[in-house]
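Asks: Once you've had a glance at the structure underneath, I'll fire off some questions.
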Amino acid sequence: MKLRALLCVALMAAGSAMAQNWPTRPIRMVVTFPPGGSSDIVARLVAVPLQEELGQPVIIDNKPGAGSTIGAFEVARAEPDGYTFMLSNSAPISISPAMQDKPRYDPVKGFTHVVYIGSVANVFVVHPSVPANNFAELISWIKAQPNPVNYGSGGIGSIGHLVGETMKKDHVLKMEHVGYKGSSPMHNDLLAGTIPLAIDTLPQNVPFMKDGKLRALAVTSAARAPMAPEVPSVLELGQKKLVAENFLGISGPAGLPPGIAARLYAASRRALADPKVVQRLAELGVQTRGMSPEQFTAFVAAQVNDWRQPVKDSGAKLN
């Protein structure tokens with residue numbers, strides 16, 4: 001018993017020393033989507049003040065694919081030494097594990113959820129050739145088509161994918177999901193009219209909406225988004241089942257030393273309080289909210305539980 005107690009004391013002392021010295025080398029931030037999407041933009045925005053706070057470079061490493069589970073699994077199995085984190089979001093945490101018969105990681109216990117950044121609404125956008133000026137007209141148009149209507153999203157397992165499947169089932173529509181590896185390639189096809197409809201995070205669509213290249217019909221939030229106040233929310237349109245927002249945060253592998261988690265949390269809160277970062281996040285449509293690591297972990301657990309049945313009901317699967 002004495003030996004075990006001594007070992008515990010030694011391990012605690014080693015962990016404390018590691019936390020005090022951390023970081024001594026660059027930190028890797030895995031983004032589970034390709035460059036150009038909301039997660040990538042936010043990760044790069046936060047990385048600049050964060051590395052100033054920590055005194056070491058924060059390197060963005062894009063690891064997309066398989067409904068965001070490739071990057072998430074890499075972080076889940078990484079050494080919990082404070083040098084590998086993930087820009088966590090709804091796809092690999094709340095949705096994709098529920099789409100798999102045998103998930104490769106536990107979205108709650110497989111990570112140390114440290115920093116909640118905020119949430120971003122999604123938007124239904126159509127190519128101008130689609131003769132629909134509101135959500136009801138979109139439903140009617142889809143029902144009138146002889147063949148299934150393709151709709152795009154930033155990837156399999158994304159919020160857009162699940163919202164589309166929920167809409168398809170709830171309104172008995174003929175629709176086929178086209179999952180892209182990120183918003184950028186999806187926009188190329190949408191702007192060209194190759195696909196007529198997409199459900200995607202709002203921020204990167206606003207410039208196209210303002211230029212008249214895309215038409216926004218509804219945002220998937222409970223209230224209208226400040227960056228697009230003219231677009232109605234699905235809730236006010238009576239589409240409660242389509243309310244869905246993508247959260248953004250910073251998570252590390254399970255077993256991250258508490259001291260390192262505390263230092264990262266404190267540095268992140270200071271970075272997120274930078275007026276330039278606050279303004280830019282608002283411009284990107286990210287609605288921020290303060291949460292402690294404990295609150296963030298509880299939030300993640302609630303998200304995982306809340307999405308389980310909608311994923312099952314949608315019939316969406318991820319192999």
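Residue numbers start at 1 in each chain; chains themselves are named A, B, ... in the order of the structure tokens; ligands are numbered from 1 in the order shown.
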List as a Markdown table every residue of stretch 33-93 of chain A that is in contact with stretch 145-160 of chain A, defined as an atom at most 8 Å from one of its atoms (using only C-alpha atoms), together with the nearest atom pair and the distance in Å rounded to one decimal, sorted by chain and then rising number.
Replies:
```
| residue | atom | partner | partner_atom | distance |
| --- | --- | --- | --- | --- |
| A:Gly65 | CA | A:Gly155 | CA | 7.8 |
| A:Ala66 | CA | A:Ile156 | CA | 6.8 |
| A:Gly67 | CA | A:Gly157 | CA | 4.5 |
| A:Ser68 | CA | A:Gly157 | CA | 7.3 |
| A:Ser90 | CA | A:Ile159 | CA | 7.1 |
| A:Ala91 | CA | A:Ser158 | CA | 4.9 |
| A:Pro92 | CA | A:Gly157 | CA | 7.5 |
```
Asks: Write to file, as a PDB file, in the first residue's frame, the residues of the selection just made, with N, CA, C and O atoms.
Replies:
```
ATOM      1  N   GLY A  65     -12.510  13.592 -43.825  1.00  0.00           N
ATOM      2  CA  GLY A  65     -12.865  12.272 -44.326  1.00  0.00           C
ATOM      3  C   GLY A  65     -13.663  11.439 -43.356  1.00  0.00           C
ATOM      4  O   GLY A  65     -13.591  11.618 -42.132  1.00  0.00           O
ATOM      5  N   ALA A  66     -14.474  10.515 -43.917  1.00  0.00           N
ATOM      6  CA  ALA A  66     -15.280   9.556 -43.144  1.00  0.00           C
ATOM      7  C   ALA A  66     -16.138  10.246 -42.099  1.00  0.00           C
ATOM      8  O   ALA A  66     -16.176   9.848 -40.928  1.00  0.00           O
ATOM      9  N   GLY A  67     -16.851  11.291 -42.534  1.00  0.00           N
ATOM     10  CA  GLY A  67     -17.726  11.992 -41.600  1.00  0.00           C
ATOM     11  C   GLY A  67     -16.983  12.651 -40.462  1.00  0.00           C
ATOM     12  O   GLY A  67     -17.500  12.763 -39.353  1.00  0.00           O
ATOM     13  N   SER A  68     -15.755  13.101 -40.726  1.00  0.00           N
ATOM     14  CA  SER A  68     -14.889  13.759 -39.735  1.00  0.00           C
ATOM     15  C   SER A  68     -14.294  12.801 -38.708  1.00  0.00           C
ATOM     16  O   SER A  68     -13.609  13.232 -37.780  1.00  0.00           O
ATOM     17  N   SER A  90     -19.698  19.460 -34.155  1.00  0.00           N
ATOM     18  CA  SER A  90     -20.827  18.533 -34.072  1.00  0.00           C
ATOM     19  C   SER A  90     -20.647  17.269 -34.896  1.00  0.00           C
ATOM     20  O   SER A  90     -21.131  16.198 -34.500  1.00  0.00           O
ATOM     21  N   ALA A  91     -19.990  17.362 -36.049  1.00  0.00           N
ATOM     22  CA  ALA A  91     -19.896  16.195 -36.937  1.00  0.00           C
ATOM     23  C   ALA A  91     -19.213  14.998 -36.279  1.00  0.00           C
ATOM     24  O   ALA A  91     -19.819  13.927 -36.156  1.00  0.00           O
ATOM     25  N   PRO A  92     -17.945  15.122 -35.831  1.00  0.00           N
ATOM     26  CA  PRO A  92     -17.282  13.941 -35.263  1.00  0.00           C
ATOM     27  C   PRO A  92     -17.711  13.606 -33.843  1.00  0.00           C
ATOM     28  O   PRO A  92     -17.484  12.495 -33.374  1.00  0.00           O
TER      29      PRO A  92
END
```
Asks: Neighbouring residues of A:Pro232 were defined as those with any atom within 8 Å, considering only C-alpha atoms; residues of the same chain fewer than 5 positions away were excluded. Please report them as a list of chain:residue names.
Replies: A:Leu217, A:Ala218, A:Val219, A:Ala223, A:Arg224, A:Leu237
Asks: For the selection just defined, write its residues with N, CA and C atoms to a file, as a PDB file, in the first residue's frame.
Replies:
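Result file part-v2.pdb:
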```
ATOM      1  N   LEU A 217     -33.031  30.412 -47.994  1.00  0.00           N
ATOM      2  CA  LEU A 217     -34.443  30.238 -47.702  1.00  0.00           C
ATOM      3  C   LEU A 217     -34.745  30.101 -46.219  1.00  0.00           C
ATOM      4  N   ALA A 218     -33.779  29.613 -45.428  1.00  0.00           N
ATOM      5  CA  ALA A 218     -34.004  29.462 -43.989  1.00  0.00           C
ATOM      6  C   ALA A 218     -32.697  29.108 -43.294  1.00  0.00           C
ATOM      7  N   VAL A 219     -32.558  29.536 -42.051  1.00  0.00           N
ATOM      8  CA  VAL A 219     -31.408  29.142 -41.231  1.00  0.00           C
ATOM      9  C   VAL A 219     -31.893  28.119 -40.221  1.00  0.00           C
ATOM     10  N   ALA A 223     -33.589  31.118 -33.739  1.00  0.00           N
ATOM     11  CA  ALA A 223     -33.847  32.529 -34.035  1.00  0.00           C
ATOM     12  C   ALA A 223     -33.052  32.932 -35.269  1.00  0.00           C
ATOM     13  N   ARG A 224     -33.383  34.054 -35.840  1.00  0.00           N
ATOM     14  CA  ARG A 224     -32.660  34.535 -37.016  1.00  0.00           C
ATOM     15  C   ARG A 224     -31.204  34.847 -36.655  1.00  0.00           C
ATOM     16  N   LEU A 237     -40.716  29.080 -38.993  1.00  0.00           N
ATOM     17  CA  LEU A 237     -41.434  28.500 -40.125  1.00  0.00           C
ATOM     18  C   LEU A 237     -42.184  27.228 -39.738  1.00  0.00           C
TER      19      LEU A 237
END
```
Asks: Measuring between only C-alpha atoms, which one of A:Ala244, A:Val48, A:Leu191, A:Val278 shows the shortest distance to A:Met209?
Replies: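 Checking each of A:Ala244, A:Val48, A:Leu191, A:Val278 against A:Met209, counting only C-alpha atoms, the winner is A:Leu191.
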Asks: Mind dumping a table of every stretch 153-223 of chain A residue within 9 Å of stretch 35-45 of chain A, with the nearest atom pair and its distance in Å to one decimal, using only C-alpha atoms, sorted by chain and rising number, as a tab-separated table?
Replies:
```
residue	atom	partner	partner_atom	distance
A:Gly154	CA	A:Gly37	CA	8.1
A:Gly182	CA	A:Gly37	CA	6.4
A:Ser183	CA	A:Gly37	CA	5.7
A:Ser184	CA	A:Gly36	CA	6.2
A:Thr201	CA	A:Ser38	CA	7.1
A:Leu202	CA	A:Ser38	CA	8.7
A:Pro203	CA	A:Ser38	CA	7.2
A:Gln204	CA	A:Gly37	CA	7.1
```
Asks: Just N, CA, C and O atoms for this one: save the residues we selected as an mmCIF file, in the first residue's frame.
Replies:
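Just written: selection-v6.cif:
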```
data_model
loop_
_atom_site.group_PDB
_atom_site.id
_atom_site.type_symbol
_atom_site.label_atom_id
_atom_site.label_comp_id
_atom_site.auth_asym_id
_atom_site.auth_seq_id
_atom_site.Cartn_x
_atom_site.Cartn_y
_atom_site.Cartn_z
ATOM 1 N N GLY A 154 -21.301 19.775 -46.547
ATOM 2 C CA GLY A 154 -19.856 19.775 -46.414
ATOM 3 C C GLY A 154 -19.262 18.411 -46.152
ATOM 4 O O GLY A 154 -18.045 18.266 -46.083
ATOM 5 N N GLY A 182 -15.815 18.957 -47.662
ATOM 6 C CA GLY A 182 -15.709 20.363 -47.315
ATOM 7 C C GLY A 182 -16.630 21.240 -48.131
ATOM 8 O O GLY A 182 -17.175 20.833 -49.158
ATOM 9 N N SER A 183 -16.806 22.477 -47.657
ATOM 10 C CA SER A 183 -17.733 23.401 -48.303
ATOM 11 C C SER A 183 -17.218 23.934 -49.637
ATOM 12 O O SER A 183 -18.014 24.200 -50.539
ATOM 13 N N SER A 184 -15.907 24.109 -49.764
ATOM 14 C CA SER A 184 -15.367 24.704 -50.985
ATOM 15 C C SER A 184 -15.701 23.901 -52.242
ATOM 16 O O SER A 184 -16.234 24.468 -53.210
ATOM 17 N N THR A 201 -23.086 25.416 -43.442
ATOM 18 C CA THR A 201 -22.924 26.448 -42.428
ATOM 19 C C THR A 201 -23.071 27.827 -43.067
ATOM 20 O O THR A 201 -22.639 28.064 -44.194
ATOM 21 N N LEU A 202 -23.700 28.724 -42.348
ATOM 22 C CA LEU A 202 -24.093 30.026 -42.876
ATOM 23 C C LEU A 202 -22.947 30.931 -43.336
ATOM 24 O O LEU A 202 -23.031 31.493 -44.442
ATOM 25 N N PRO A 203 -21.886 31.121 -42.535
ATOM 26 C CA PRO A 203 -20.911 32.168 -42.843
ATOM 27 C C PRO A 203 -20.353 32.171 -44.262
ATOM 28 O O PRO A 203 -20.329 33.214 -44.916
ATOM 29 N N GLN A 204 -19.897 31.006 -44.765
ATOM 30 C CA GLN A 204 -19.254 31.003 -46.076
ATOM 31 C C GLN A 204 -20.242 31.179 -47.220
ATOM 32 O O GLN A 204 -19.853 31.344 -48.369
#
```
Asks: Among the residues of stretch 13-122 of chain A, find those DSSP assigns to strand (DSSP E or B) from the backbone and print them as an NGL selection string.
Replies: :A and (27-31 or 58-62 or 84-89 or 111-122)
Asks: Only C-alpha atoms, please: the residues just picked out, written as a CSV table (one decimal), in the first residue's frame.
Replies:
```
chain,number,residue,atom,x,y,z
A,27,ILE,CA,1.1,22.2,-30.7
A,28,ARG,CA,-0.9,20.5,-33.4
A,29,MET,CA,-4.6,21.4,-33.9
A,30,VAL,CA,-6.4,18.9,-36.0
A,31,VAL,CA,-9.3,20.2,-38.1
A,58,VAL,CA,-0.2,26.3,-33.0
A,59,ILE,CA,-0.1,24.3,-36.3
A,60,ILE,CA,-3.4,23.6,-38.1
A,61,ASP,CA,-3.5,20.1,-39.5
A,62,ASN,CA,-6.5,19.3,-41.8
A,84,THR,CA,-2.4,17.2,-30.0
A,85,PHE,CA,-5.8,18.8,-29.9
A,86,MET,CA,-8.9,18.9,-32.2
A,87,LEU,CA,-11.1,21.8,-33.2
A,88,SER,CA,-14.1,19.7,-32.1
A,89,ASN,CA,-17.5,20.2,-33.7
A,111,PHE,CA,-11.6,13.0,-25.2
A,112,THR,CA,-10.9,15.8,-22.7
A,113,HIS,CA,-13.3,18.5,-23.7
A,114,VAL,CA,-11.6,21.8,-22.7
A,115,VAL,CA,-12.8,24.9,-24.5
A,116,TYR,CA,-16.3,25.8,-25.9
A,117,ILE,CA,-15.9,28.5,-28.5
A,118,GLY,CA,-19.5,28.9,-29.9
A,119,SER,CA,-22.0,27.7,-32.4
A,120,VAL,CA,-22.8,28.4,-36.0
A,121,ALA,CA,-26.2,28.1,-37.8
A,122,ASN,CA,-26.7,26.2,-41.1
```
Asks: Among stretch 45-220 of chain A, which residues does DSSP mark as helix (DSSP H, G or I) when it is run on the backbone? Keep the chain and numbering as in the structure and answer as a PyMOL selection string.
Replies: chain A and resi 45-54+69-76+90-99+135-144+159-170+183-192+203-210
Asks: Tell me which of A:His127, A:His171, A:Arg308, A:Arg25 sits closest to A:Ser94, counting only C-alpha atoms.
Replies: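 Selected residue with least distance to A:Ser94: A:Arg308.
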Asks: Hey, what's within 9 Å of A:Arg215 if we count only C-alpha atoms and toss same-chain stuff fewer than 6 positions away? As a list of chain:residue names, please?
Replies: A:Phe124, A:Val125, A:Val126, A:His127, A:Pro128, A:Val130, A:Ala132, A:Asn133, A:Phe208, A:Met209
Asks: For C-alpha atoms, I'd like the residues from the last selection saved as an mmCIF file, in the first residue's frame.
Replies:
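Output saved as selection_33.cif:
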```
data_model
loop_
_atom_site.group_PDB
_atom_site.id
_atom_site.type_symbol
_atom_site.label_atom_id
_atom_site.label_comp_id
_atom_site.auth_asym_id
_atom_site.auth_seq_id
_atom_site.Cartn_x
_atom_site.Cartn_y
_atom_site.Cartn_z
ATOM 1 C CA PHE A 124 -30.731 26.191 -46.827
ATOM 2 C CA VAL A 125 -29.353 27.736 -50.030
ATOM 3 C CA VAL A 126 -30.455 27.147 -53.616
ATOM 4 C CA HIS A 127 -29.064 27.952 -57.038
ATOM 5 C CA PRO A 128 -30.935 30.897 -58.647
ATOM 6 C CA VAL A 130 -34.510 26.871 -58.556
ATOM 7 C CA ALA A 132 -38.383 28.785 -54.921
ATOM 8 C CA ASN A 133 -38.330 32.036 -52.962
ATOM 9 C CA PHE A 208 -22.747 34.415 -52.409
ATOM 10 C CA MET A 209 -26.133 35.387 -50.971
#
```
Asks: Find the residues near A:Pro253: any atom within 10 Å, counting only C-alpha atoms, skip ones fewer than 3 places away on the same chain, and give them as a PyMOL selection string.
Replies: chain A and resi 72-86+109-113+256-257
Asks: Distance atom CA of A:Val46-atom CA of A:Leu248, one decimal place?
Replies: 11.3 Å
Asks: May I ask which of the residues A:Leu54, A:Leu242, A:Ala254, A:Ala98 is the closest one to A:Thr24, counting only C-alpha atoms?
Replies: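 Ranked by minimum distance to A:Thr24, first place goes to A:Leu54.
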Asks: Which distance in Å separates atom CA of A:Asp200 and atom CA of A:Pro293, to one decimal?
Replies: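 Atom CA of A:Asp200 sits 28.0 Å away from atom CA of A:Pro293.
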Asks: Which value, in Å to one decimal, gives the distance between atom CA of A:Gln309 and atom CA of A:Leu235?
Replies: 19.4 Å
